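K.L.:
The structure's right below; bear with me while I get my questions together.
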Amino acid sequence: MSPYFRDLGTALEWRAKGETLRVEAWGPDAVRVRVSPAGPLLDDLPGALLATPPPGEVRVKVSEHHATLVSGALTVRIDAGTEGALTPELWPSAGRLTFGRTEDGTELLAEEPAHFWWPGPRLATATGNGHHRLEQRFRAYRGEKLFGLGQHTHGLLDQKGAVIDLVQRNAEVSIPLLISDRGYGLLWNSPAIGRVELAETGTRWVADSARQIDYWITAGAPADVLRRYAAVTGHSPELPGWASGFWQCKLRYRTQDELLEVAREYRRRGLPLSVIVCDFFHWTHLGDWRFDPAEWPDPAAMVRELDEMGVKLMVSVWPSVSPASENYHPMLNQGLLIGTEFGPMAHADWPDKGLGAYSAQVAFYDATNPEARDYVWERLRRGYHDLGVKVFWLDAGEPEIKPGNQYNLRYHAGPGLEVGNLYPRENARTVHDGLRAAGETEVISLNRSSWAGAQRYGAALWSGDIGTDFATLRTQIKAGLNVMLSGIPWWTTDIGGFHGGDPGDPAYREVLVRWFQYGTFCPLFRLHGFRGAEQVLEPGMSGLPNEVWSYGEEAYEILAAHLRLRERLRPYVMEQMRVTSRTGLPPMRPVFLEFPGDLEAWRVEDAFLLGPDLLVAPVTEAGAAHREVWLPAGARWTDAWTGEEHAGGQAVVAAAPIERIPLFLRDDARLPVRDES
């Protein structure tokens with residue numbers, strides 16, 4: 001029996017050279033790995049995993065030179081490093097982990113030392129005060145495909161070969177769940193700032209400054225990984241039925257009358273509308289979290305009128321607190337703002353009312369502090385919820401620090417470098433916990449950033465401030481699919497993009513129409529953007545019109561038809577949302593998620609499935625009237641527009657005139673795509 005191992009029943013521990021490594025069964029077919037570079041493991045560090053894992057079958061076996069832990073379909077081997085003449089103190093593979101498939105012993109993933117002498121597969125370089133720059137290395141596998149990791153603008157679905165920063169930025173969302181076509185998924189269970197390198201020579205996870213390595217790994221196909229991931233990080237609630245409809249938004253409706261008139265016009269035209277949005281600068285001061293009565297004189301009456309029309313009001317709230325806000329000094333004195341290691345509390349320049357051409361040095365409430373979350377919710381309750389507002393848009397929730405010097409930030413949960421990625425999830429938790437405490441059964445917030453586990457707080461994600469061209473649309477399709485593979489099932493884009501777009505330009509109208517067609521089949525269906533020439537960021541800013549009738553009569557007829565199409569499909573969409581809440585499988589699915597046995601399906605980047613039965617093939621090229629679509633093997637496919645049937649396992653050329661997005665129904669599925677009225 002090796003003196004380096006300890007059998008803990010549901011866990012296996014290895015100790016040598018001052019390092020402690022523990023492999024612990026953490027749900028069926030899964031384990032959690034934690035490594036402390038010096039001393040015992042720490043149990044109170046923030047992460048994504050729920051405190052208690054679901055049960056699973058576990059077997060541990062210890063021998064002289066190695067030990068194994070079997071958790072269902074996953075087998076983990078730890079080598080003691082005692083074979084041969086060298087001792088663990090000299091052998092770089094001491095404590096090396098290999099993860100394999102229990103059924104046949106196939107290697108899924110293995111640690112790989114950087115060098116035959118030093119360093120080994122794990123490296124800790126001291127950064128001071130008990131923290132280290134931590135590296136975790138794994139072997140590379142030729143031809144492996146890697147997915148997930150949140151939302152990025154690099155334009156990749158398969159991210160093998162990429163280097164991904166683990167940091168939150170506008171339109172760049174870090175959710176460190178990685179899914180491999182080799183049959184495993186890995187969650188880097190650390191909110192530390194760092195990066196992951198998916199190189200041909202090896203995979204390396206890096207935390208710039210943290211106290212221990214912590215990750216969770218499971219065996220299985222992508223669908224199995226997502227089921228297991230939801231079980232250990234939390235299932236999303238069921239999407240409220242109204243949220244599956246159309247959301248109207250622009251930057252920005254400046255007054256109560258302007259917003260109401262848009263909602264009334266939708267009703268006059270007989271167009272479906274579920275949500276309308278009150279964007280930023282509606283407040284008195286940033287951080288007051290209430291309406292400015294000069295522009296919004298009777299918000300309670302506004303909410304009542306919208307309710308009568310069956311429309312929810314969503315209000316933008318920011319985590320920023322201006323020095324001019326009535327809450328700034330109370331929050332400062334109570335320690336509820338994000339602190340710094342050096343310098344004042346201010347973290348970003350931002351315009352505020354009453355400052356003229358000048359900007360304020362705004363601070364941010366510390367969402368990792370339970371007292372700060374309670375304080376902010378109480379202001380949201382008074383300023384919005386008591387007036388009937390129940391839907392919140394959590395904008396700039398990375399938070400939008402400028403410059404983004406995480407090393408200088410001090411959160412309640414820990415130093416910025418160690419916990420910085422946690423913020424957007426805890427910001428969503430403020431609204432979730434507040435609404436639940438207020439007795440609300442339906443909870444959803446729309447967030448510009450996210451982190452692992454945010455789905456359990458009803459946190460939807462949108463893709464941030466993006467471009468307004470076909471190239472951006474192509475990127476968004478892949479970004480959205482990787483979000484689905486990162487455990488966040490509620491997602492959307494600014495239809496038409498955010499930065500610009502001229503409603504009178506025929507070329508842009510084509511982009512808008514094709515994007516709207518794509519948006520019809522996204523989990524959330526939302527039109528937003530800052531139309532027209534860029535303006536100076538200031539409280540009076542507003543873009544050009546951005547309603548479905550703003551793009552000319554030809555575009556209007558197409559957009560209105562797709563509004564009605566989404567209405568016909570809403571029962572099917574809600575059915576998928578119930579599946580998502582129950583199982584963790586996303587509503588919008590990469591083709592390979594449903595057809596992992598079709599090798600070509602793993603290469604499809606420009607089409608997806610809505611639920612199991614509807615194949616959606618967006619048009620993303622200017623002037624296109626046709627596009628090629630891969631129909632995966634293992635099913636029959638029917639063109640939803642023409643009724644023509646096709647065998648799976650082949651590419652077909654589908655007609656795509658400007659008024660139509662190619663759609664195919666699986667096997668005997670029957671969905672109301674065509675308007676039969």
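Ligands are numbered from 1 in the order shown, residues from 1 within each chain, and chains are lettered A, B, ... in the order they appear in the structure tokens.
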What are the DSSP helix (DSSP H, G or I) residues of segment 255-481 of chain A, as a ChimeraX atom specification?
P.N.:
/A:256-268,299-308,328-333,370-383,385-387,406-408,416-437,454-457,470-481
K.L.:
Write out as a list in words each polymer residue whose atoms come within 10 Å of Trp14 of chain A, counting only C-alpha atoms; drop sequence neighbours fewer than 3 positions from it.
P.N.:
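In the requested format, the answer is Ser2, Pro3, Tyr4, Phe5, Arg6, Asp7, Glu19, Thr20, Leu21, Arg22, Val23, Val35, His66, Ala67, Ile78, Asp79, Ala80, Ala94, Gly95 and Arg96 of chain A.
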K.L.:
Go ahead and write the residues just picked, N, CA and C atoms, as a compact mmCIF listing (two decimals), in the first residue's frame.
P.N.:
```txt
# COMPACT_ATOMS: atom_id res chain seq x y z
N SER A 2 0.60 2.18 -0.87
CA SER A 2 1.42 3.37 -0.97
C SER A 2 1.13 4.35 0.16
N PRO A 3 2.18 4.93 0.77
CA PRO A 3 1.96 5.91 1.84
C PRO A 3 1.46 7.26 1.32
N TYR A 4 1.43 7.42 -0.02
CA TYR A 4 1.04 8.71 -0.59
C TYR A 4 -0.47 8.85 -0.79
N PHE A 5 -1.22 7.75 -0.69
CA PHE A 5 -2.65 7.75 -0.97
C PHE A 5 -3.47 7.62 0.31
N ARG A 6 -4.67 8.21 0.27
CA ARG A 6 -5.66 8.01 1.33
C ARG A 6 -7.02 7.72 0.68
N ASP A 7 -7.63 6.63 1.08
CA ASP A 7 -8.97 6.27 0.62
C ASP A 7 -9.97 6.93 1.56
N GLU A 19 2.13 19.08 -1.59
CA GLU A 19 0.92 19.26 -2.39
C GLU A 19 -0.16 18.28 -1.94
N THR A 20 -1.41 18.73 -1.92
CA THR A 20 -2.55 17.87 -1.63
C THR A 20 -3.46 17.84 -2.84
N LEU A 21 -3.74 16.64 -3.33
CA LEU A 21 -4.63 16.44 -4.47
C LEU A 21 -5.77 15.53 -4.04
N ARG A 22 -6.99 15.97 -4.30
CA ARG A 22 -8.15 15.14 -3.95
C ARG A 22 -9.04 14.98 -5.18
N VAL A 23 -9.39 13.73 -5.48
CA VAL A 23 -10.36 13.40 -6.52
C VAL A 23 -11.59 12.86 -5.81
N VAL A 35 -6.69 20.77 -5.96
CA VAL A 35 -5.26 20.66 -5.67
C VAL A 35 -4.82 21.90 -4.92
N HIS A 66 -0.15 3.06 -7.84
CA HIS A 66 -1.22 3.91 -8.36
C HIS A 66 -2.52 3.60 -7.61
N ALA A 67 -3.50 4.46 -7.83
CA ALA A 67 -4.83 4.26 -7.25
C ALA A 67 -5.86 4.70 -8.27
N ILE A 78 -4.60 7.78 -10.49
CA ILE A 78 -3.52 8.62 -9.99
C ILE A 78 -2.26 7.79 -9.89
N ASP A 79 -1.21 8.22 -10.58
CA ASP A 79 0.07 7.54 -10.50
C ASP A 79 0.86 8.10 -9.32
N ALA A 80 1.39 7.23 -8.50
CA ALA A 80 2.16 7.68 -7.33
C ALA A 80 3.52 8.22 -7.72
N ALA A 94 4.67 12.37 -10.69
CA ALA A 94 4.09 11.99 -9.41
C ALA A 94 2.75 12.69 -9.23
N GLY A 95 1.74 11.90 -8.89
CA GLY A 95 0.40 12.47 -8.72
C GLY A 95 -0.29 12.78 -10.02
N ARG A 96 0.18 12.23 -11.12
CA ARG A 96 -0.39 12.52 -12.44
C ARG A 96 -1.74 11.82 -12.60
```
K.L.:
Which is closest to Glu645 of chain A among A:Val548, A:Leu485, A:Leu239, A:Leu631, if we use only C-alpha atoms?
P.N.:
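Checking each of A:Val548, A:Leu485, A:Leu239, A:Leu631 against Glu645 of chain A, counting only C-alpha atoms, the winner is A:Leu631.
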K.L.:
Considering only C-alpha atoms, can you say which of A:Arg509, A:Arg34, A:Arg566, A:Arg410 comes closest to Arg531 of chain A?
P.N.:
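Closest candidate: A:Arg509.
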K.L.:
I'd like to know which of A:Arg379, A:Arg526, A:Arg448, A:Arg101 is closest to Ile495 of chain A, using only C-alpha atoms.
P.N.:
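Distance minimum relative to Ile495 of chain A lands on A:Arg526.
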K.L.:
With only C-alpha atoms as the counted atoms, please give the residues lying no more than 9 Å from Gly496 of chain A, apart from itself and same-chain residues fewer than 5 positions off, as a ChimeraX atom specification.
P.N.:
/A:467-469,473,501,508-509,511-516,527-529
K.L.:
List every residue of segment 569-602 of chain A that has an atom at most 12 Å from any atom of segment 153-162 of chain A, giving for each one its closest atom pair and the distance in Å to one decimal, counting only C-alpha atoms, sorted by chain and then by ascending residue number, as JSON lines.
P.N.:
```
{"residue": "A:Pro590", "atom": "CA", "partner": "A:Leu157", "partner_atom": "CA", "distance": 9.4}
{"residue": "A:Val591", "atom": "CA", "partner": "A:Leu157", "partner_atom": "CA", "distance": 11.8}
{"residue": "A:Phe592", "atom": "CA", "partner": "A:Leu157", "partner_atom": "CA", "distance": 11.8}
{"residue": "A:Trp602", "atom": "CA", "partner": "A:Asp158", "partner_atom": "CA", "distance": 8.7}
```
K.L.:
Produce a file of the selected residues containing C-alpha atoms, as a PDB file, in the first residue's frame.
P.N.:
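Output below, filename selection12.pdb:
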```pdb
ATOM      1  CA  PRO A 590     -25.841  22.490 -32.411  1.00  0.00           C
ATOM      2  CA  VAL A 591     -26.669  19.818 -34.970  1.00  0.00           C
ATOM      3  CA  PHE A 592     -24.202  17.366 -33.407  1.00  0.00           C
ATOM      4  CA  TRP A 602     -19.795  18.172 -35.991  1.00  0.00           C
TER       5      TRP A 602
END
```
K.L.:
May I ask which of the residues A:Glu418, A:Glu575, A:Asp257, A:Glu371 is the closest one to Met302 of chain A, counting only C-alpha atoms?
P.N.:
A:Asp257
K.L.:
So how many Å separate atom CA of Val653 of chain A and atom CA of Ala617 of chain A, to one decimal?
P.N.:
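Answer for the atom CA of Val653 of chain A to atom CA of Ala617 of chain A separation: 11.0 Å.
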K.L.:
If we count only C-alpha atoms, what is near segment 222-224 of chain A at a cut-off of 12 Å, once residues fewer than 5 positions away on the same chain are taken out, given as an NGL selection string?
P.N.:
:A and (28-30 or 73 or 145-148 or 177-186 or 217 or 229-231 or 482 or 484-487 or 580 or 583-587 or 589-597 or 602 or 612)
